[in-house]
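Read through the structure below, which is laid out as structure tokens, and then see the notes.
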Amino acid sequence: MSDKTARIVTLPGDGIGPEVCGEAANVLRLVLEQAGRGLELIEKPLGGCALDAGDEAFPAATKEAVLAADAVLLGAVGLPKYDGATGNRRPEKGLLDLRQAMGVFANLRPVRAIDALNDASPLKNHVVKGTDMIVVRELLGGVYFGEPRGIDGDRGFNTMVYTKREVVRVAKVAFEIARGRGKRLLSVDKANVLEVSQLWRQTVTELQQNEYPDIALDHQYVDSAAMDLIRQPTKFDVVVTSNLFGDILTDAGAVLAGSIGLLSSASLGEGPGLYEPIHGSAPDIAGQGIANPLGAIGSVASLLRNSLQMPEEATRVETIIDQALADGHRTADLGGKVTTKEMGDIICQALKA
Ligand code: IPM
Ligand code: MG
């Protein structure tokens, strides 16, 4: 482990973002203190709060800070008052610009069913029990960023585009993860309809033949994969897919874990990593102190592992999260009364024990 002071930028953002990010930052502070490692936490605006302050959704000062950081911890962005806004006036544009500026092309979204929470899933216990997958979502391309795009009179249009290079770099990340797990990879596309998917499929297949012959590669259409995700989630191990398909599939996947509030994610590229819970800003419960901070705290574990080279500490945080749930501590999303702060404190107390 390096002794260098960790420079972490936090972007609490909007809605419940600041509440969950605050608890996550407490956990990070404590873990680094226990490890005797210095920590510099730098907070910056992103999303609706930046727009409210008269700035861009991704302010220049935020950009400068994240590019100089060792890692970035994000809460959530999005405010209902900007729902009707278009173009640069949307908080979400701040998030997309942030991802683009950081070059984080691979978004890792683990979905794991914890036994203690099987009852929290609307699906039958025997269906969700044992679910343990990781979805690798391409994050910087596809229809999210493709040009041309726009609204032209009564015609709205976007472009779904991938280059081979973009497919290869994200598929490599997925193949490497598969190598460390069950040695199988499922690539999800819509090659029966979309040319962009045909190129995707061909590129992933060639990569497997040339560089990953030890990994069993399968392909599935996204509609069929969506069905299997609910019908037979335990069959999934490592999945690689495009930006839009990954966005949709992972929200569905969240149902398997019991609550979207539990899911964390890591977005990785060449530079600093970006870590965020996959839930949104949840304006309906913002400011009440009842949001589940475990997705954000799980993102801290991922940050420790992937950006600070502290794998033991990462596993420790993850084990403590599981134990808190096994002990019956439940925030409102899981039908309980534990508050955001209490849940954060439970994790910190366990770290101190
Ligand atoms: C996500 C979110 C974002 C996305 C939104 C807020 C732009 O849904 O991270 O999954 O679509 O990527
Ligand atoms: Mg989403």
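Order determines the names: the first chain of the structure tokens is A, the second B, and so forth; residues in each chain are numbered 1 upward, and ligands are numbered 1 upward as they are shown.
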* List all protein, DNA and RNA residues that have any atom at most 7 Å from ligand 1, counting only C-alpha atoms and all ligand atoms, and write the list as an NGL selection string. => :A and (77-78 or 92 or 95-96 or 247 or 278 or 280)
* Selection near stretch 56-66 of chain A, 7 Å with only C-alpha atoms, sequence-local residues under 4 positions removed, as a list in words ->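 In the requested form, the answer reads Val9, Lys44, Pro45, Leu46, Gly47, Gly48, Ala50, Leu51, Val72, Pro91, Lys93, Gly94, Asp97 and Leu98 of chain A.
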Would you output that residue set with N, CA, C and O atoms, as a compact mmCIF listing (two decimals), in the first residue's frame?
```txt
# COMPACT_ATOMS: atom_id res chain seq x y z
N VAL A 9 -11.94 13.69 -4.69
CA VAL A 9 -12.96 14.73 -4.92
C VAL A 9 -14.34 14.12 -4.68
O VAL A 9 -14.65 13.05 -5.21
N LYS A 44 -16.91 19.42 -4.58
CA LYS A 44 -17.22 20.30 -5.72
C LYS A 44 -18.66 20.11 -6.18
O LYS A 44 -19.22 19.03 -6.01
N PRO A 45 -19.25 21.15 -6.79
CA PRO A 45 -20.63 21.03 -7.30
C PRO A 45 -20.71 20.32 -8.65
O PRO A 45 -19.78 20.40 -9.46
N LEU A 46 -21.81 19.63 -8.85
CA LEU A 46 -22.12 18.98 -10.14
C LEU A 46 -23.63 18.85 -10.27
O LEU A 46 -24.31 18.54 -9.30
N GLY A 47 -24.15 19.08 -11.46
CA GLY A 47 -25.57 18.83 -11.72
C GLY A 47 -26.45 20.02 -11.39
O GLY A 47 -26.08 21.17 -11.58
N GLY A 48 -27.64 19.72 -10.85
CA GLY A 48 -28.63 20.76 -10.58
C GLY A 48 -28.13 21.81 -9.61
O GLY A 48 -28.42 23.01 -9.78
N ALA A 50 -25.18 22.92 -9.29
CA ALA A 50 -24.29 23.83 -10.01
C ALA A 50 -25.10 24.79 -10.89
O ALA A 50 -24.80 25.98 -10.96
N LEU A 51 -26.14 24.26 -11.54
CA LEU A 51 -27.02 25.11 -12.35
C LEU A 51 -27.70 26.15 -11.47
O LEU A 51 -27.80 27.32 -11.83
N VAL A 72 -12.79 9.87 -7.65
CA VAL A 72 -13.92 10.76 -7.47
C VAL A 72 -15.11 9.96 -6.93
O VAL A 72 -15.41 8.87 -7.42
N PRO A 91 -29.29 18.79 -15.50
CA PRO A 91 -28.28 18.31 -14.55
C PRO A 91 -27.55 17.06 -15.06
O PRO A 91 -26.33 16.93 -14.89
N LYS A 93 -26.69 16.32 -17.93
CA LYS A 93 -25.63 16.66 -18.89
C LYS A 93 -24.31 16.82 -18.14
O LYS A 93 -23.24 16.49 -18.65
N GLY A 94 -24.39 17.31 -16.90
CA GLY A 94 -23.20 17.46 -16.08
C GLY A 94 -22.54 16.11 -15.84
O GLY A 94 -21.31 15.97 -15.90
N ASP A 97 -20.98 14.84 -19.11
CA ASP A 97 -19.74 15.58 -19.41
C ASP A 97 -18.61 15.16 -18.46
O ASP A 97 -17.45 15.09 -18.86
N LEU A 98 -18.98 14.90 -17.21
CA LEU A 98 -17.98 14.43 -16.24
C LEU A 98 -17.38 13.10 -16.68
O LEU A 98 -16.15 12.93 -16.70
```
* To do: Could you give me, as a PyMOL selection string, every polymer residue with an atom at most 10 Å away from an atom of ligand 2, counting only C-alpha atoms and all ligand atoms?
  => chain A and resi 243-252+278-280
Prev. selection, N, CA and C atoms, output as a CSV table (one decimal), in the first residue's frame:
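What ended up in result_30.csv:
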```
chain,number,residue,atom,x,y,z
A,243,ASN,N,-23.9,1.2,-23.8
A,243,ASN,CA,-24.3,2.2,-22.8
A,243,ASN,C,-25.8,2.2,-22.5
A,244,LEU,N,-26.6,2.2,-23.5
A,244,LEU,CA,-28.1,2.3,-23.3
A,244,LEU,C,-28.6,0.9,-22.7
A,245,PHE,N,-28.2,-0.2,-23.3
A,245,PHE,CA,-28.7,-1.5,-22.8
A,245,PHE,C,-28.2,-1.7,-21.4
A,246,GLY,N,-27.0,-1.3,-21.1
A,246,GLY,CA,-26.5,-1.5,-19.7
A,246,GLY,C,-27.2,-0.6,-18.7
A,247,ASP,N,-27.6,0.6,-19.1
A,247,ASP,CA,-28.4,1.5,-18.3
A,247,ASP,C,-29.7,0.8,-17.9
A,248,ILE,N,-30.4,0.2,-18.9
A,248,ILE,CA,-31.7,-0.4,-18.6
A,248,ILE,C,-31.5,-1.7,-17.8
A,249,LEU,N,-30.6,-2.5,-18.3
A,249,LEU,CA,-30.5,-3.9,-17.6
A,249,LEU,C,-30.1,-3.7,-16.1
A,250,THR,N,-29.3,-2.8,-15.8
A,250,THR,CA,-28.8,-2.7,-14.4
A,250,THR,C,-29.9,-2.1,-13.5
A,251,ASP,N,-30.8,-1.3,-14.0
A,251,ASP,CA,-32.0,-0.9,-13.1
A,251,ASP,C,-32.8,-2.2,-12.8
A,252,ALA,N,-33.0,-3.0,-13.9
A,252,ALA,CA,-33.8,-4.2,-13.7
A,252,ALA,C,-33.0,-5.1,-12.7
A,278,ILE,N,-25.7,3.4,-7.9
A,278,ILE,CA,-26.4,3.5,-9.2
A,278,ILE,C,-27.8,4.2,-9.1
A,279,HIS,N,-28.3,4.3,-7.8
A,279,HIS,CA,-29.6,5.0,-7.7
A,279,HIS,C,-29.4,6.5,-8.1
A,280,GLY,N,-30.6,7.1,-8.4
A,280,GLY,CA,-30.5,8.5,-8.8
A,280,GLY,C,-30.7,9.4,-7.6
```
* Asked: Near A:Arg184, counting only C-alpha atoms, which residues have an atom at most 7 Å away, once you skip same-chain residues fewer than 4 positions from it, shown as a count of residues only?
  -> 5
Any chance you could tabulate, as a Markdown table, the residues of stretch 188-254 of chain A at most 7 Å from stretch 116-131 of chain A with each one's nearest atom pair and distance in Å to one decimal, using only C-alpha atoms, in chain and rising number order?
```
| residue | atom | partner | partner_atom | distance |
| --- | --- | --- | --- | --- |
| A:Gln232 | CA | A:Val127 | CA | 6.4 |
| A:Pro233 | CA | A:Thr131 | CA | 5.8 |
| A:Thr234 | CA | A:Thr131 | CA | 4.5 |
```
* Near-stretch 29-39 of chain A list (8 Å; only C-alpha atoms; drop same-chain fewer than 6 positions) as a list in words -> Asp3, Lys4, Thr5, Ala6, Arg7, Ile8, Glu313, Cys348 and Leu351 of chain A
Those same residues - N, CA and C atoms - I'd like them written as a PDB file, in the first residue's frame.
```pdb
ATOM      1  N   ASP A   3       1.820   5.140   0.770  1.00  0.00           N
ATOM      2  CA  ASP A   3       1.539   6.021   1.902  1.00  0.00           C
ATOM      3  C   ASP A   3       1.127   7.408   1.461  1.00  0.00           C
ATOM      4  N   LYS A   4       1.134   7.608   0.166  1.00  0.00           N
ATOM      5  CA  LYS A   4       0.813   8.910  -0.378  1.00  0.00           C
ATOM      6  C   LYS A   4      -0.584   9.355   0.078  1.00  0.00           C
ATOM      7  N   THR A   5      -0.688  10.629   0.395  1.00  0.00           N
ATOM      8  CA  THR A   5      -1.999  11.172   0.758  1.00  0.00           C
ATOM      9  C   THR A   5      -2.963  11.015  -0.413  1.00  0.00           C
ATOM     10  N   ALA A   6      -4.144  10.470  -0.121  1.00  0.00           N
ATOM     11  CA  ALA A   6      -5.136  10.275  -1.177  1.00  0.00           C
ATOM     12  C   ALA A   6      -5.911  11.562  -1.392  1.00  0.00           C
ATOM     13  N   ARG A   7      -5.956  11.992  -2.635  1.00  0.00           N
ATOM     14  CA  ARG A   7      -6.743  13.186  -2.995  1.00  0.00           C
ATOM     15  C   ARG A   7      -8.042  12.719  -3.608  1.00  0.00           C
ATOM     16  N   ILE A   8      -9.124  12.866  -2.869  1.00  0.00           N
ATOM     17  CA  ILE A   8     -10.426  12.394  -3.344  1.00  0.00           C
ATOM     18  C   ILE A   8     -11.372  13.578  -3.511  1.00  0.00           C
ATOM     19  N   GLU A 313      -8.934  -3.509   2.896  1.00  0.00           N
ATOM     20  CA  GLU A 313      -9.871  -2.555   3.482  1.00  0.00           C
ATOM     21  C   GLU A 313     -11.197  -2.598   2.714  1.00  0.00           C
ATOM     22  N   CYS A 348     -19.605   2.564  10.572  1.00  0.00           N
ATOM     23  CA  CYS A 348     -18.396   3.121  11.207  1.00  0.00           C
ATOM     24  C   CYS A 348     -18.113   2.414  12.529  1.00  0.00           C
ATOM     25  N   LEU A 351     -16.523  -0.811  11.880  1.00  0.00           N
ATOM     26  CA  LEU A 351     -15.133  -0.637  11.452  1.00  0.00           C
ATOM     27  C   LEU A 351     -14.217  -0.411  12.637  1.00  0.00           C
TER      28      LEU A 351
END
```
* Would you mind reading off the distance between atom CA of A:Leu325 and atom CA of A:Gly75, one decimal, in Å? =>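 Pair atom CA of A:Leu325 / atom CA of A:Gly75 returns 21.3 Å.
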* Find the residues near A:Asn158: any atom within 10 Å, counting only C-alpha atoms, skip ones fewer than 2 places away on the same chain, and give them as a PyMOL selection string. => chain A and resi 142-151+156+160-161
File dump, residues just selected, N, CA, C and O atoms, as a PDB file, in the first residue's frame:
```
ATOM      1  N   GLY A 142     -22.066   4.955 -27.894  1.00  0.00           N
ATOM      2  CA  GLY A 142     -23.430   4.555 -28.227  1.00  0.00           C
ATOM      3  C   GLY A 142     -24.350   5.741 -28.417  1.00  0.00           C
ATOM      4  O   GLY A 142     -23.932   6.864 -28.689  1.00  0.00           O
ATOM      5  N   VAL A 143     -25.622   5.490 -28.211  1.00  0.00           N
ATOM      6  CA  VAL A 143     -26.644   6.487 -28.516  1.00  0.00           C
ATOM      7  C   VAL A 143     -26.601   7.672 -27.546  1.00  0.00           C
ATOM      8  O   VAL A 143     -27.126   8.743 -27.836  1.00  0.00           O
ATOM      9  N   TYR A 144     -25.937   7.493 -26.400  1.00  0.00           N
ATOM     10  CA  TYR A 144     -25.813   8.603 -25.449  1.00  0.00           C
ATOM     11  C   TYR A 144     -25.017   9.772 -26.031  1.00  0.00           C
ATOM     12  O   TYR A 144     -25.232  10.918 -25.654  1.00  0.00           O
ATOM     13  N   PHE A 145     -24.036   9.448 -26.851  1.00  0.00           N
ATOM     14  CA  PHE A 145     -23.134  10.495 -27.326  1.00  0.00           C
ATOM     15  C   PHE A 145     -23.099  10.637 -28.849  1.00  0.00           C
ATOM     16  O   PHE A 145     -22.488  11.558 -29.362  1.00  0.00           O
ATOM     17  N   GLY A 146     -23.730   9.699 -29.570  1.00  0.00           N
ATOM     18  CA  GLY A 146     -23.624   9.672 -31.021  1.00  0.00           C
ATOM     19  C   GLY A 146     -24.133  10.936 -31.692  1.00  0.00           C
ATOM     20  O   GLY A 146     -25.113  11.538 -31.264  1.00  0.00           O
ATOM     21  N   GLU A 147     -23.464  11.327 -32.749  1.00  0.00           N
ATOM     22  CA  GLU A 147     -23.868  12.473 -33.575  1.00  0.00           C
ATOM     23  C   GLU A 147     -24.230  11.952 -34.960  1.00  0.00           C
ATOM     24  O   GLU A 147     -23.632  10.979 -35.410  1.00  0.00           O
ATOM     25  N   PRO A 148     -25.169  12.554 -35.669  1.00  0.00           N
ATOM     26  CA  PRO A 148     -25.939  13.726 -35.269  1.00  0.00           C
ATOM     27  C   PRO A 148     -27.033  13.386 -34.261  1.00  0.00           C
ATOM     28  O   PRO A 148     -27.469  12.246 -34.159  1.00  0.00           O
ATOM     29  N   ARG A 149     -27.433  14.405 -33.536  1.00  0.00           N
ATOM     30  CA  ARG A 149     -28.530  14.296 -32.588  1.00  0.00           C
ATOM     31  C   ARG A 149     -29.256  15.628 -32.557  1.00  0.00           C
ATOM     32  O   ARG A 149     -28.666  16.663 -32.853  1.00  0.00           O
ATOM     33  N   GLY A 150     -30.499  15.614 -32.190  1.00  0.00           N
ATOM     34  CA  GLY A 150     -31.186  16.895 -32.074  1.00  0.00           C
ATOM     35  C   GLY A 150     -32.680  16.787 -32.273  1.00  0.00           C
ATOM     36  O   GLY A 150     -33.234  15.691 -32.429  1.00  0.00           O
ATOM     37  N   ILE A 151     -33.302  17.941 -32.223  1.00  0.00           N
ATOM     38  CA  ILE A 151     -34.729  18.047 -32.525  1.00  0.00           C
ATOM     39  C   ILE A 151     -34.841  19.051 -33.653  1.00  0.00           C
ATOM     40  O   ILE A 151     -34.332  20.173 -33.560  1.00  0.00           O
ATOM     41  N   GLY A 156     -37.300  14.209 -33.930  1.00  0.00           N
ATOM     42  CA  GLY A 156     -36.212  14.091 -32.948  1.00  0.00           C
ATOM     43  C   GLY A 156     -35.336  12.927 -33.345  1.00  0.00           C
ATOM     44  O   GLY A 156     -35.828  11.905 -33.814  1.00  0.00           O
ATOM     45  N   MET A 160     -26.939   5.855 -32.870  1.00  0.00           N
ATOM     46  CA  MET A 160     -26.290   4.820 -32.079  1.00  0.00           C
ATOM     47  C   MET A 160     -25.057   4.373 -32.844  1.00  0.00           C
ATOM     48  O   MET A 160     -25.176   3.801 -33.935  1.00  0.00           O
ATOM     49  N   VAL A 161     -23.910   4.695 -32.311  1.00  0.00           N
ATOM     50  CA  VAL A 161     -22.679   4.415 -33.063  1.00  0.00           C
ATOM     51  C   VAL A 161     -21.594   3.871 -32.133  1.00  0.00           C
ATOM     52  O   VAL A 161     -21.458   4.317 -30.994  1.00  0.00           O
TER      53      VAL A 161
END
```
* To do: Point out the residue among A:Ala76, A:Leu334, A:Ala68, A:Leu199 with the least atom-to-atom distance to A:Met102, counting only C-alpha atoms.
  =>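 So, comparing all the options, the nearest one is A:Ala68.
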* Polymer residues at most 12 Å from A:Glu206, only C-alpha atoms, same-chain spacing of 3 or more positions, as a PyMOL selection string -> chain A and resi 164+167-168+171-172+199-203+209-213+217
Export N, CA and C atoms of the chosen residues as a PDB file, in the first residue's frame?
```
ATOM      1  N   LYS A 164     -14.891   0.074 -33.591  1.00  0.00           N
ATOM      2  CA  LYS A 164     -14.259  -1.158 -33.112  1.00  0.00           C
ATOM      3  C   LYS A 164     -13.394  -0.869 -31.875  1.00  0.00           C
ATOM      4  N   VAL A 167     -15.396  -0.684 -28.763  1.00  0.00           N
ATOM      5  CA  VAL A 167     -15.892  -2.000 -28.344  1.00  0.00           C
ATOM      6  C   VAL A 167     -14.748  -2.803 -27.717  1.00  0.00           C
ATOM      7  N   VAL A 168     -13.583  -2.768 -28.370  1.00  0.00           N
ATOM      8  CA  VAL A 168     -12.450  -3.558 -27.887  1.00  0.00           C
ATOM      9  C   VAL A 168     -12.049  -3.135 -26.471  1.00  0.00           C
ATOM     10  N   ALA A 171     -14.632  -4.332 -23.957  1.00  0.00           N
ATOM     11  CA  ALA A 171     -14.710  -5.793 -23.932  1.00  0.00           C
ATOM     12  C   ALA A 171     -13.486  -6.382 -23.225  1.00  0.00           C
ATOM     13  N   LYS A 172     -12.326  -5.742 -23.398  1.00  0.00           N
ATOM     14  CA  LYS A 172     -11.111  -6.225 -22.720  1.00  0.00           C
ATOM     15  C   LYS A 172     -11.286  -6.204 -21.213  1.00  0.00           C
ATOM     16  N   LEU A 199     -21.624  -5.049 -35.652  1.00  0.00           N
ATOM     17  CA  LEU A 199     -20.190  -4.746 -35.533  1.00  0.00           C
ATOM     18  C   LEU A 199     -19.702  -5.064 -34.120  1.00  0.00           C
ATOM     19  N   TRP A 200     -20.512  -4.750 -33.127  1.00  0.00           N
ATOM     20  CA  TRP A 200     -20.186  -5.034 -31.727  1.00  0.00           C
ATOM     21  C   TRP A 200     -19.914  -6.525 -31.558  1.00  0.00           C
ATOM     22  N   ARG A 201     -20.862  -7.342 -32.052  1.00  0.00           N
ATOM     23  CA  ARG A 201     -20.772  -8.793 -31.874  1.00  0.00           C
ATOM     24  C   ARG A 201     -19.541  -9.361 -32.577  1.00  0.00           C
ATOM     25  N   GLN A 202     -19.327  -8.905 -33.798  1.00  0.00           N
ATOM     26  CA  GLN A 202     -18.178  -9.381 -34.580  1.00  0.00           C
ATOM     27  C   GLN A 202     -16.863  -9.009 -33.875  1.00  0.00           C
ATOM     28  N   THR A 203     -16.810  -7.802 -33.325  1.00  0.00           N
ATOM     29  CA  THR A 203     -15.585  -7.331 -32.679  1.00  0.00           C
ATOM     30  C   THR A 203     -15.298  -8.117 -31.404  1.00  0.00           C
ATOM     31  N   GLN A 209     -11.379 -14.776 -29.893  1.00  0.00           N
ATOM     32  CA  GLN A 209     -10.565 -15.744 -30.639  1.00  0.00           C
ATOM     33  C   GLN A 209      -9.081 -15.399 -30.577  1.00  0.00           C
ATOM     34  N   ASN A 210      -8.772 -14.106 -30.642  1.00  0.00           N
ATOM     35  CA  ASN A 210      -7.367 -13.697 -30.704  1.00  0.00           C
ATOM     36  C   ASN A 210      -6.695 -13.606 -29.347  1.00  0.00           C
ATOM     37  N   GLU A 211      -7.432 -13.147 -28.333  1.00  0.00           N
ATOM     38  CA  GLU A 211      -6.764 -12.862 -27.058  1.00  0.00           C
ATOM     39  C   GLU A 211      -7.325 -13.578 -25.844  1.00  0.00           C
ATOM     40  N   TYR A 212      -8.549 -14.074 -25.948  1.00  0.00           N
ATOM     41  CA  TYR A 212      -9.162 -14.695 -24.771  1.00  0.00           C
ATOM     42  C   TYR A 212      -9.771 -16.069 -25.077  1.00  0.00           C
ATOM     43  N   PRO A 213      -8.978 -16.969 -25.687  1.00  0.00           N
ATOM     44  CA  PRO A 213      -9.529 -18.282 -26.033  1.00  0.00           C
ATOM     45  C   PRO A 213      -9.938 -19.093 -24.797  1.00  0.00           C
ATOM     46  N   LEU A 217     -17.332 -17.453 -24.547  1.00  0.00           N
ATOM     47  CA  LEU A 217     -18.109 -16.255 -24.920  1.00  0.00           C
ATOM     48  C   LEU A 217     -19.477 -16.656 -25.464  1.00  0.00           C
TER      49      LEU A 217
END
```
* Asked: Which of stretch 108-251 of chain A counts as strand (DSSP E or B) under DSSP, as a ChimeraX atom specification please?
  -> /A:108-112,132-138,150-152,155-157,184-189,216-221,238-241
* To do: Would you kindly return, as a PyMOL selection string, each protein, DNA or RNA residue with an atom no farther than 7 Å from any atom of A:Ile290, considering only C-alpha atoms and excluding same-chain residues fewer than 5 positions away?
  => chain A and resi 331-332+339-340
Convert the current residue selection to file output with all heavy atoms, as a JSON list (two decimals), in the first residue's frame.
```
[["chain", "number", "residue", "atom", "x", "y", "z"],
["A", 331, "THR", "N", -32.96, 0.29, 6.15],
["A", 331, "THR", "CA", -33.46, 1.65, 5.85],
["A", 331, "THR", "C", -34.85, 1.52, 5.22],
["A", 331, "THR", "O", -35.32, 0.41, 4.94],
["A", 331, "THR", "CB", -32.49, 2.36, 4.88],
["A", 331, "THR", "OG1", -32.02, 1.40, 3.92],
["A", 331, "THR", "CG2", -31.31, 2.95, 5.62],
["A", 332, "ALA", "N", -35.49, 2.66, 4.98],
["A", 332, "ALA", "CA", -36.88, 2.68, 4.52],
["A", 332, "ALA", "C", -37.11, 1.91, 3.22],
["A", 332, "ALA", "O", -38.15, 1.25, 3.05],
["A", 332, "ALA", "CB", -37.34, 4.13, 4.35],
["A", 339, "THR", "N", -32.25, 5.32, 9.82],
["A", 339, "THR", "CA", -32.03, 6.52, 8.99],
["A", 339, "THR", "C", -30.69, 6.43, 8.26],
["A", 339, "THR", "O", -29.86, 5.55, 8.53],
["A", 339, "THR", "CB", -32.01, 7.79, 9.86],
["A", 339, "THR", "OG1", -30.86, 7.73, 10.71],
["A", 339, "THR", "CG2", -33.26, 7.91, 10.71],
["A", 340, "THR", "N", -30.49, 7.37, 7.35],
["A", 340, "THR", "CA", -29.25, 7.42, 6.58],
["A", 340, "THR", "C", -28.05, 7.52, 7.53],
["A", 340, "THR", "O", -27.07, 6.78, 7.41],
["A", 340, "THR", "CB", -29.26, 8.67, 5.66],
["A", 340, "THR", "OG1", -30.49, 8.70, 4.95],
["A", 340, "THR", "CG2", -28.10, 8.66, 4.70]]
```
